[in-house]
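Since the structure comes first, as structure tokens, the remarks are kept for the end.
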Amino acid sequence: MNRLTRSPLLWPLLALAALLLFNLVVNPGFFAVRIQDGHLFGSLVDVLKNAAPTLLIAIGMTLVIASRGIDLSVGAVVAIAGAIACNSLVSAPDPTSAGAAVVAISTALGVALLLGAWNGLLVSVLGIQPIIATLVLMTAGRGIAMLITDGQIITVDNDTYGWLGGGYLFGIPAQVVVAGLILLAVALLTRRTALGMLLEAVGINPEAARLAGVRSRSIVWTVYVFAALAAAVAGLMISAQVTAADANRAGLFIELDAILAVVIGGTSLAGGRYSLTGTVVGALILQTLTTTVYTVGIPPDMTTLFKALVVIVVFLLQAPRLRAVLARRRRPAPPPLPSGGLPEEAAAVLTGGPVLADDEHTPAPTAGGTTGSGRGALR
Amino acid sequence: MTVSDTRPTAPDPAAPPPAGPGGRRPWQTWLRSTTTGSRTFSVLVTGVLLVVLFGTGSARYENFGSPQVALNLLVDNAHLVVLAVGMTFVILTGGIDLSSGAVVALSTVIAASLLEAGWPAPVAIAVVLATGALLGWLMGAAVHHLQLQPFIVTLAGMFLARGLCFVISVPSIPIRDPFFQSMAQDVVELPGNTFLTYSVFIALAVLVAAVWVLHRTRFGRTVYAIGGNESSAALMGLAVGRTKVGVYVISGTLSALAGLLFTFYMLSGYSLHAIGMELDAIAAVVIGGTLLTGGAGYVVGSLLGVLVLGTIQALISFDGGLSSWWTKITVGVLLLVFVVVQRLTTRRARPGT
């Protein structure tokens with residue numbers, strides 16, 4: 001129990017729970033999951049399914065951010081992957097065959113590998129700041145995707161390809177299965193091997209890590225390649241869902257959503273310690289928020305406003321100085337964990353206390369960025 | 001540290017050879033200052049690039065070389081010049097402002113909706129500028145007092161501003177106010193049968209004011225000092241906090257002003273205006289030779305950067321065969337070239353970093 005109250009994940013989880021509860025109140029059937037034609041159906045399944053592309057990108061982004069970087073180009077990679085796959089399908093001898101889909105998907109992933117390697121080259125070998133190195137591909141990438149589709153929206157008709165967007169495996173949406181498997185693989189690779197620790201070492205102090213014998217360069221390179229691959233898979237999902245490639249709109253601003261998901265999950269932009277679970281929670285919070293806006297009947301255009309408000313509350317609570325002030329005030333007597341049923345903000349504020357009071361036991365998440373200079377964000 | 005002599009050494013009238021300290025010959029000091037120590041070299045490269053691009057256009061396309069085409073670069077990009085000037089302030093301190101494009105959109109929507117409600121134009125303009133300043137101040141306060149990262153603060157600001165646009169009005173609002181109409185249509189006749197809009201003069205006035213603030217005031221020197229090394233600036237007793245909040249207020253206000261100029265240009269207020277314009281501004285600043293790590297760069301470079309982007313667009317529209325997406329690809333390639341060159345020159349300037 002003590003460990004639970006100390007977990008930095010406590011209040012993102014509570015925020016998610018509050019959002020879900022709110023949905024339950026507005027729509028009593030929200031938690032209902034029914035099985036129809038052997039497939040799972042229900043609002044919760046929809047949340048998971050719609051969160052899958054953002055989640056995938058956010059997983060890649062978590063690793064990049066842990067290495068003290070950032071990848072702004074993932075949205076462009078999403079567009080390029082969809083464009084290449086659809087282009088390959090359309091020009092295949094038999095556009096409806098499974099073989100054509102396999103070729104299309106492999107081609108898209110292969111190109112994503114190159115794009116990731118390109119980002120990694122700029123960051124790890126040439127030593128360009130990640131934000132500007134990936135800005136290059138972010139700017140040019142969408143143009144390249146338009147070049148591939150010739151400015152048109154390419155529609156495809158291929159069941160194997162469409163499965164990635166609307167299919168099911170054992171009754172579970174294919175997007176959830178794919179995202180879950182990749183998440184599992186990343187979690188095992190980084191948490192059951194030393195890879196995660198090495199990554200954090202690079203993120204906390206690249207020079208010290210190098211001197212300690214960590215191959216910083218290859219690790220940094222690898223995370224950018226992985227981020228691009230994850231973005232490509234998400235791009236294939238997005239394009240398969242609508243069975244078309246829209247170079248202009250596919251994955252627009254998804255890089256910002258992914259970064260938000262990572263930061264809401266408690267991973268600092270300054271690099272180092274990261275939390276995959278936090279990222280999952282962050283992505284689910286963002287998607288549930290979007291779903292909530294739809295459920296309540298607010299015009300969907302206003303989602304950005306609610307996103308901004310939630311994000312602002314989250315960041316205020318995460319702000320090092322505010323945490324320090326709260327910690328000082330709360331330290332004499334940490335209040336007990338409040339039970340559920342509180343309004344979201346009240347719950348977040350109350351639980352902010354015990355979690356925040358624990359700062360001294362864990363390294364400050366923004367170590368190196370606490371001077372508040374732009375370097376933290378820009379490096 | 002040795003001076004590389006493989007670098008082109010075009011004469012720079014802006015930097016007369018000063019008396020060299022430490023027994024160094026004047027030309028050595030000058031070479032060093034133009035290649036590594038200062039950013040004049042980067043600005044010069046951008047200027048040369050602009051001339052080359054424009055020259056290419058004039059040689060390839062009929063009428064491209066006419067004075068009005070050159071002036072149109074300013075007419076069509078006056079708002080971007082103002083936006084890039086604001087962005088330069090923030091980037092010089094080592095920060096970044098992702099919200100500026102959204103603030104432009106918010107400004108167009110606020111202006112259009114207030115005018116539609118019958119408010120007089122001066123009041124609407126004042127409200128727009130005040131909103132921009134307030135948003136900038138909030139973001140600056142979050143960056144400085146809460147020690148949050150500028151990237152994430154201004155990202156939240158971007159979502160907030162876009163969200164507010166949709167709250168005010170989802171459909172596009174046309175503007176029929178006589179003052180805004182006249183700002184959009186009236187031109188200043190110049191000799192040689194050419195013209196400029198009033199927006200251009202506003203943008204150039206902002207530019208001159210920015211140059212004055214950055215190079216002739218204590219505030220400006222503090223901006224450079226913070227970008228160079230924030231801890232040192234604080235230890236020197238400079239007003240780091242006030243300056244950091246100040247640059248975001250400047251960026252917010254100038255984004256709102258850019259929004260007004262954009263409103264004059266479009267004569268409508270729309271939530272989806274100016275999507276991605278912050279990236280254009282950042283690209284212009286980087287192409288103009290300002291370091292994204294802060295501490296080095298000139299607003300004049302940002303002006304040249306905007307003009308380079310404008311020339312590329314003009315080139316692509318003059319060549320009917322090239323599609324609009326080539327603009328994005330070309331800007332990406334230019335960014336790449338400039339970033340790599342910057343990286344190589346700064347690596348030489350500061351060994352070990």
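Labeling convention for the structure tokens: chains A, B, ... as they appear, residues from 1 per chain, ligands from 1 in order of appearance.
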
Could the residues of chain B that have an atom at most 8 Å from chain A be listed as a tab-separated table, each with its closest atom pair and the distance in Å to one decimal, counting only C-alpha atoms and ordered by chain and ascending residue number?
residue	atom	partner	partner_atom	distance
B:Thr93	CA	A:Gly374	CA	7.4
B:Gly94	CA	A:Gly374	CA	4.8
B:Gly95	CA	A:Gly374	CA	4.2
B:Ile96	CA	A:Gly374	CA	7.2
B:Val143	CA	A:Gly372	CA	6.5
B:His144	CA	A:Gly372	CA	6.3
B:His145	CA	A:Arg321	CA	7.5
B:Leu146	CA	A:Arg321	CA	5.4
B:Gln147	CA	A:Gly372	CA	4.4
B:Leu148	CA	A:Ala319	CA	6.0
B:Gln149	CA	A:Ala377	CA	5.6
B:Pro150	CA	A:Gly374	CA	5.9
B:Phe151	CA	A:Ala377	CA	5.7
B:Ile152	CA	A:Ala377	CA	7.8
B:Leu155	CA	A:Leu256	CA	7.7
B:Ala156	CA	A:Ala308	CA	5.3
B:Gly157	CA	A:Ala308	CA	7.3
B:Phe159	CA	A:Ala308	CA	5.2
B:Leu160	CA	A:Ala308	CA	5.0
B:Ala161	CA	A:Leu305	CA	7.7
B:Arg162	CA	A:Thr304	CA	6.7
B:Gly163	CA	A:Leu305	CA	3.8
B:Leu164	CA	A:Leu305	CA	6.4
B:Phe166	CA	A:Met302	CA	5.9
B:Val167	CA	A:Met302	CA	6.6
B:Val170	CA	A:Asp301	CA	7.7
B:Glu230	CA	A:Ser373	CA	6.9
B:Ser231	CA	A:Thr371	CA	7.9
B:Leu279	CA	A:Thr139	CA	7.9
B:Leu292	CA	A:Leu378	CA	7.6
B:Thr293	CA	A:Arg375	CA	6.6
B:Trp325	CA	A:Gly143	CA	4.7
B:Trp326	CA	A:Gly143	CA	6.4
B:Thr327	CA	A:Gly143	CA	7.6
B:Lys328	CA	A:Ala140	CA	5.1
B:Ile329	CA	A:Ala140	CA	4.1
B:Thr330	CA	A:Ala140	CA	7.2
B:Val331	CA	A:Ala140	CA	7.0
B:Gly332	CA	A:Ala140	CA	4.5
B:Val333	CA	A:Val136	CA	7.1
B:Leu335	CA	A:Val136	CA	6.1
B:Leu336	CA	A:Val136	CA	5.9
B:Val339	CA	A:Ile128	CA	7.3
B:Val340	CA	A:Ile128	CA	7.3
B:Arg343	CA	A:Ile128	CA	6.5

Task: Selection near Ile125 of chain B, 10 Å with only C-alpha atoms, sequence-local residues under 2 positions removed, as number ranges by chain - done: B: 107, 110-111, 114-115, 119-123, 127-131, 256-257, 260

Open item on the list: What's around Gly99 of chain A at 12 Å? Count only C-alpha atoms, leave out sequence neighbours fewer than 3 positions away in its own chain, and write the answer as a PyMOL selection string.
Closed with: chain A and resi 88-89+92-96+102-106+158-161

Task: Close residues, segment 162-179 of chain A itself excluded, 9 Å, only C-alpha atoms, min 6 positions apart in chain, as a ChimeraX atom specification - done: /A:35-41,45-46,48-53,55-56,156,233-234,236-243

File of the preceding selection, N, CA, C and O atoms, as a tab-separated table (two decimals), in the first residue's frame:
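Output saved as selection.tsv:
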chain	number	residue	atom	x	y	z
A	35	ILE	N	-20.19	-9.25	-26.67
A	35	ILE	CA	-19.53	-10.02	-27.73
A	35	ILE	C	-20.55	-10.24	-28.85
A	35	ILE	O	-21.64	-10.73	-28.61
A	36	GLN	N	-20.17	-9.78	-30.02
A	36	GLN	CA	-21.07	-9.88	-31.16
A	36	GLN	C	-20.29	-10.47	-32.32
A	36	GLN	O	-19.21	-9.96	-32.65
A	37	ASP	N	-20.78	-11.53	-32.92
A	37	ASP	CA	-20.07	-12.24	-33.98
A	37	ASP	C	-18.67	-12.65	-33.54
A	37	ASP	O	-17.72	-12.64	-34.34
A	38	GLY	N	-18.52	-12.94	-32.25
A	38	GLY	CA	-17.20	-13.35	-31.77
A	38	GLY	C	-16.24	-12.20	-31.59
A	38	GLY	O	-15.06	-12.41	-31.31
A	39	HIS	N	-16.69	-10.94	-31.77
A	39	HIS	CA	-15.81	-9.80	-31.59
A	39	HIS	C	-16.24	-9.01	-30.37
A	39	HIS	O	-17.43	-8.96	-30.04
A	40	LEU	N	-15.28	-8.38	-29.73
A	40	LEU	CA	-15.60	-7.54	-28.59
A	40	LEU	C	-16.11	-6.19	-29.08
A	40	LEU	O	-15.55	-5.61	-30.00
A	41	PHE	N	-17.17	-5.72	-28.46
A	41	PHE	CA	-17.70	-4.40	-28.81
A	41	PHE	C	-17.94	-3.62	-27.53
A	41	PHE	O	-18.20	-4.20	-26.48
A	45	VAL	N	-13.66	-0.76	-25.49
A	45	VAL	CA	-12.89	-1.37	-26.58
A	45	VAL	C	-12.54	-0.30	-27.61
A	45	VAL	O	-11.42	-0.26	-28.14
A	46	ASP	N	-13.49	0.60	-27.86
A	46	ASP	CA	-13.23	1.69	-28.81
A	46	ASP	C	-12.11	2.60	-28.33
A	46	ASP	O	-11.26	3.02	-29.11
A	48	LEU	N	-9.63	1.79	-26.38
A	48	LEU	CA	-8.36	1.07	-26.56
A	48	LEU	C	-7.95	1.09	-28.03
A	48	LEU	O	-6.79	1.34	-28.36
A	49	LYS	N	-8.93	0.82	-28.90
A	49	LYS	CA	-8.64	0.71	-30.33
A	49	LYS	C	-8.15	2.06	-30.87
A	49	LYS	O	-7.15	2.14	-31.58
A	50	ASN	N	-8.88	3.14	-30.51
A	50	ASN	CA	-8.50	4.45	-31.04
A	50	ASN	C	-7.22	4.97	-30.43
A	50	ASN	O	-6.54	5.82	-31.01
A	51	ALA	N	-6.89	4.48	-29.22
A	51	ALA	CA	-5.66	4.94	-28.58
A	51	ALA	C	-4.44	4.24	-29.16
A	51	ALA	O	-3.32	4.71	-28.99
A	52	ALA	N	-4.66	3.09	-29.85
A	52	ALA	CA	-3.53	2.26	-30.27
A	52	ALA	C	-2.47	3.00	-31.11
A	52	ALA	O	-1.28	2.93	-30.78
A	53	PRO	N	-2.85	3.75	-32.17
A	53	PRO	CA	-1.80	4.42	-32.95
A	53	PRO	C	-0.99	5.43	-32.13
A	53	PRO	O	0.24	5.43	-32.18
A	55	LEU	N	-0.64	5.44	-28.96
A	55	LEU	CA	0.13	4.70	-27.96
A	55	LEU	C	1.43	4.17	-28.56
A	55	LEU	O	2.51	4.31	-27.98
A	56	LEU	N	1.32	3.59	-29.76
A	56	LEU	CA	2.50	3.04	-30.42
A	56	LEU	C	3.56	4.12	-30.60
A	56	LEU	O	4.73	3.93	-30.28
A	156	VAL	N	-7.50	2.17	-51.36
A	156	VAL	CA	-7.12	0.80	-51.68
A	156	VAL	C	-8.24	-0.14	-51.25
A	156	VAL	O	-9.08	0.21	-50.43
A	233	VAL	N	4.20	1.73	-38.19
A	233	VAL	CA	3.13	0.77	-37.89
A	233	VAL	C	1.84	1.53	-37.59
A	233	VAL	O	0.77	1.20	-38.08
A	234	ALA	N	1.96	2.61	-36.79
A	234	ALA	CA	0.78	3.43	-36.49
A	234	ALA	C	0.22	4.02	-37.78
A	234	ALA	O	-1.00	4.07	-37.97
A	236	LEU	N	0.40	2.74	-40.77
A	236	LEU	CA	-0.28	1.68	-41.52
A	236	LEU	C	-1.67	1.45	-40.93
A	236	LEU	O	-2.65	1.29	-41.65
A	237	MET	N	-1.75	1.47	-39.58
A	237	MET	CA	-3.05	1.29	-38.92
A	237	MET	C	-4.03	2.39	-39.34
A	237	MET	O	-5.17	2.12	-39.72
A	238	ILE	N	-3.52	3.64	-39.26
A	238	ILE	CA	-4.40	4.77	-39.57
A	238	ILE	C	-4.87	4.70	-41.01
A	238	ILE	O	-6.05	4.91	-41.32
A	239	SER	N	-3.93	4.36	-41.90
A	239	SER	CA	-4.30	4.30	-43.32
A	239	SER	C	-5.20	3.10	-43.60
A	239	SER	O	-6.13	3.18	-44.39
A	240	ALA	N	-4.95	1.97	-42.90
A	240	ALA	CA	-5.78	0.78	-43.12
A	240	ALA	C	-7.20	0.99	-42.60
A	240	ALA	O	-8.15	0.46	-43.16
A	241	GLN	N	-7.31	1.79	-41.54
A	241	GLN	CA	-8.63	2.02	-40.96
A	241	GLN	C	-9.57	2.70	-41.95
A	241	GLN	O	-10.75	2.40	-42.01
A	242	VAL	N	-9.00	3.64	-42.73
A	242	VAL	CA	-9.84	4.33	-43.71
A	242	VAL	C	-9.59	3.79	-45.12
A	242	VAL	O	-10.10	4.34	-46.09
A	243	THR	N	-8.79	2.71	-45.22
A	243	THR	CA	-8.37	2.10	-46.49
A	243	THR	C	-7.98	3.16	-47.52
A	243	THR	O	-8.39	3.12	-48.67

Open item on the list: Using DSSP secondary structure from the backbone, list all helix (DSSP H, G or I) positions within segment 156-211 of chain A, as a VMD selection string.
Closed with: chain A and resid 159 to 166 174 to 191 195 to 204 206 to 211

Given the selection you just returned, output its residues as a file containing N, CA and C atoms, formatted as a short mmCIF file (atom, residue, chain, number, x, y, z; two decimals), in the first residue's frame.
data_model
loop_
_atom_site.label_atom_id
_atom_site.label_comp_id
_atom_site.auth_asym_id
_atom_site.auth_seq_id
_atom_site.Cartn_x
_atom_site.Cartn_y
_atom_site.Cartn_z
N ASP A 159 -8.20 -6.83 -48.31
CA ASP A 159 -8.70 -7.31 -47.02
C ASP A 159 -7.58 -7.52 -46.01
N THR A 160 -6.43 -8.04 -46.49
CA THR A 160 -5.33 -8.28 -45.56
C THR A 160 -4.83 -6.96 -44.98
N TYR A 161 -4.73 -5.96 -45.84
CA TYR A 161 -4.27 -4.65 -45.38
C TYR A 161 -5.33 -4.03 -44.47
N GLY A 162 -6.59 -4.16 -44.88
CA GLY A 162 -7.69 -3.60 -44.10
C GLY A 162 -7.79 -4.21 -42.71
N TRP A 163 -7.32 -5.47 -42.58
CA TRP A 163 -7.38 -6.14 -41.28
C TRP A 163 -6.64 -5.34 -40.22
N LEU A 164 -5.53 -4.73 -40.64
CA LEU A 164 -4.70 -3.96 -39.70
C LEU A 164 -5.49 -2.80 -39.10
N GLY A 165 -6.48 -2.31 -39.85
CA GLY A 165 -7.25 -1.19 -39.35
C GLY A 165 -8.58 -1.58 -38.73
N GLY A 166 -9.20 -2.62 -39.25
CA GLY A 166 -10.55 -2.93 -38.76
C GLY A 166 -10.76 -4.39 -38.40
N ALA A 174 -7.52 -5.78 -34.03
CA ALA A 174 -6.15 -6.03 -34.45
C ALA A 174 -5.20 -4.92 -33.98
N GLN A 175 -5.70 -3.67 -33.99
CA GLN A 175 -4.83 -2.55 -33.58
C GLN A 175 -4.37 -2.73 -32.14
N VAL A 176 -5.32 -3.17 -31.28
CA VAL A 176 -4.98 -3.36 -29.87
C VAL A 176 -3.97 -4.49 -29.74
N VAL A 177 -4.17 -5.57 -30.51
CA VAL A 177 -3.26 -6.71 -30.43
C VAL A 177 -1.86 -6.29 -30.84
N VAL A 178 -1.76 -5.60 -32.00
CA VAL A 178 -0.44 -5.21 -32.50
C VAL A 178 0.25 -4.27 -31.52
N ALA A 179 -0.50 -3.24 -31.05
CA ALA A 179 0.10 -2.28 -30.12
C ALA A 179 0.52 -2.99 -28.83
N GLY A 180 -0.35 -3.92 -28.36
CA GLY A 180 -0.04 -4.63 -27.12
C GLY A 180 1.21 -5.47 -27.26
N LEU A 181 1.34 -6.17 -28.39
CA LEU A 181 2.51 -7.02 -28.60
C LEU A 181 3.78 -6.19 -28.64
N ILE A 182 3.73 -5.05 -29.35
CA ILE A 182 4.92 -4.22 -29.45
C ILE A 182 5.27 -3.66 -28.08
N LEU A 183 4.24 -3.24 -27.32
CA LEU A 183 4.47 -2.74 -25.96
C LEU A 183 5.15 -3.80 -25.11
N LEU A 184 4.63 -5.04 -25.22
CA LEU A 184 5.18 -6.14 -24.43
C LEU A 184 6.64 -6.36 -24.80
N ALA A 185 6.91 -6.39 -26.10
CA ALA A 185 8.28 -6.63 -26.55
C ALA A 185 9.21 -5.55 -26.03
N VAL A 186 8.78 -4.28 -26.12
CA VAL A 186 9.62 -3.17 -25.65
C VAL A 186 9.83 -3.28 -24.15
N ALA A 187 8.74 -3.60 -23.42
CA ALA A 187 8.86 -3.69 -21.96
C ALA A 187 9.84 -4.79 -21.59
N LEU A 188 9.75 -5.95 -22.25
CA LEU A 188 10.67 -7.05 -21.93
C LEU A 188 12.10 -6.66 -22.28
N LEU A 189 12.27 -6.06 -23.47
CA LEU A 189 13.61 -5.75 -23.93
C LEU A 189 14.30 -4.71 -23.05
N THR A 190 13.51 -3.72 -22.58
CA THR A 190 14.17 -2.65 -21.83
C THR A 190 14.16 -2.90 -20.33
N ARG A 191 13.22 -3.71 -19.85
CA ARG A 191 13.16 -3.89 -18.40
C ARG A 191 13.73 -5.22 -17.94
N LEU A 195 19.21 -3.01 -21.25
CA LEU A 195 19.03 -1.97 -22.26
C LEU A 195 18.38 -0.71 -21.68
N GLY A 196 17.33 -0.91 -20.88
CA GLY A 196 16.63 0.23 -20.31
C GLY A 196 17.53 1.05 -19.43
N MET A 197 18.35 0.37 -18.62
CA MET A 197 19.25 1.08 -17.72
C MET A 197 20.28 1.88 -18.53
N LEU A 198 20.81 1.24 -19.58
CA LEU A 198 21.80 1.92 -20.41
C LEU A 198 21.18 3.16 -21.05
N LEU A 199 19.92 3.00 -21.49
CA LEU A 199 19.21 4.11 -22.12
C LEU A 199 19.06 5.27 -21.13
N GLU A 200 18.69 4.94 -19.90
CA GLU A 200 18.55 5.99 -18.88
C GLU A 200 19.91 6.64 -18.60
N ALA A 201 20.95 5.81 -18.59
CA ALA A 201 22.29 6.36 -18.34
C ALA A 201 22.65 7.38 -19.42
N VAL A 202 22.36 7.03 -20.67
CA VAL A 202 22.64 7.95 -21.78
C VAL A 202 21.84 9.24 -21.62
N GLY A 203 20.57 9.07 -21.20
CA GLY A 203 19.70 10.23 -21.08
C GLY A 203 20.11 11.15 -19.95
N ILE A 204 20.60 10.57 -18.85
CA ILE A 204 20.96 11.40 -17.70
C ILE A 204 22.25 12.15 -17.97
N PRO A 206 25.02 11.84 -21.19
CA PRO A 206 25.59 11.10 -22.33
C PRO A 206 27.11 10.93 -22.21
N GLU A 207 27.77 11.98 -21.75
CA GLU A 207 29.23 11.93 -21.70
C GLU A 207 29.69 10.92 -20.65
N ALA A 208 29.06 10.97 -19.46
CA ALA A 208 29.42 10.04 -18.40
C ALA A 208 29.13 8.61 -18.83
N ALA A 209 28.00 8.43 -19.52
CA ALA A 209 27.64 7.09 -19.98
C ALA A 209 28.69 6.58 -20.95
N ARG A 210 29.15 7.48 -21.83
CA ARG A 210 30.16 7.06 -22.81
C ARG A 210 31.45 6.67 -22.12
N LEU A 211 31.83 7.49 -21.13
CA LEU A 211 33.08 7.21 -20.41
C LEU A 211 32.96 5.91 -19.61
#

Open item on the list: To test your reading of the structure, identify every residue in segment 34-187 of chain A that backbone DSSP assigns to strand (DSSP E), and report it as a ChimeraX atom specification.
Closed with: /A:34-36,39-41,154-155,168-169,172-173

TODO: Quick one: everything within 10 Å of segment 52-54 of chain B, counting only C-alpha atoms, minus sequence neighbours fewer than 5 positions away in the same chain. Send it as a ChimeraX atom specification.
DONE: /B:46-47,59-60,64-65,69-70,307-308,311-312,314-315

Task: Atom-to-atom span, atom CA of Phe30 of chain A and atom CA of Thr292 of chain A, Å - done: 10.4 Å

TODO: Please provide as a list in words all residues within 8 Å of Leu44 of chain A, with the sequence filter that same-chain residues fewer than 5 positions apart are discarded (counting only C-alpha atoms).
DONE: Phe30, Phe31, Ala32 and Val33 of chain A

Saved selection, atoms kept: C-alpha atoms, as a compact mmCIF listing (two decimals), in the first residue's frame:
# COMPACT_ATOMS: atom_id res chain seq x y z
CA PHE A 30 -20.07 3.01 -20.96
CA PHE A 31 -18.43 0.03 -19.29
CA ALA A 32 -20.62 -2.52 -21.06
CA VAL A 33 -18.60 -4.86 -23.27

Task: Selected residue of minimal separation from Thr279 of chain A among A:Ile154, A:Val296, A:Ala261, A:Ile219, counting only C-alpha atoms - done: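 Distance minimum relative to Thr279 of chain A lands on A:Ala261.
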
- [ ] Could you tell me which of A:Leu19, A:Ala244, A:Ala98, A:Val281 comes closest to Gly266 of chain A if we count only C-alpha atoms?
- [x]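 Answer, going by the shortest atom-to-atom distance: A:Val281.
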
Task: Distance query Ile175 of chain B at most 9 Å, only C-alpha atoms, self and fewer than 6 positions along chain excluded, as JSON, numbers by chain - done: {"B": [111, 112, 113, 115, 116, 181, 263, 267, 268, 269]}

Deliver the residues from the most recent selection as a file, using C-alpha atoms, as a tab-separated table (two decimals), in the first residue's frame.
chain	number	residue	atom	x	y	z
B	111	ALA	CA	-10.61	40.49	-34.36
B	112	ALA	CA	-13.23	39.17	-36.77
B	113	SER	CA	-15.76	38.29	-34.08
B	115	LEU	CA	-15.77	43.57	-35.49
B	116	GLU	CA	-18.79	41.47	-36.36
B	181	GLN	CA	-10.65	46.80	-45.58
B	263	THR	CA	-6.15	39.43	-40.81
B	267	LEU	CA	-9.81	39.70	-44.37
B	268	SER	CA	-11.35	36.86	-42.37
B	269	GLY	CA	-11.11	35.21	-38.98
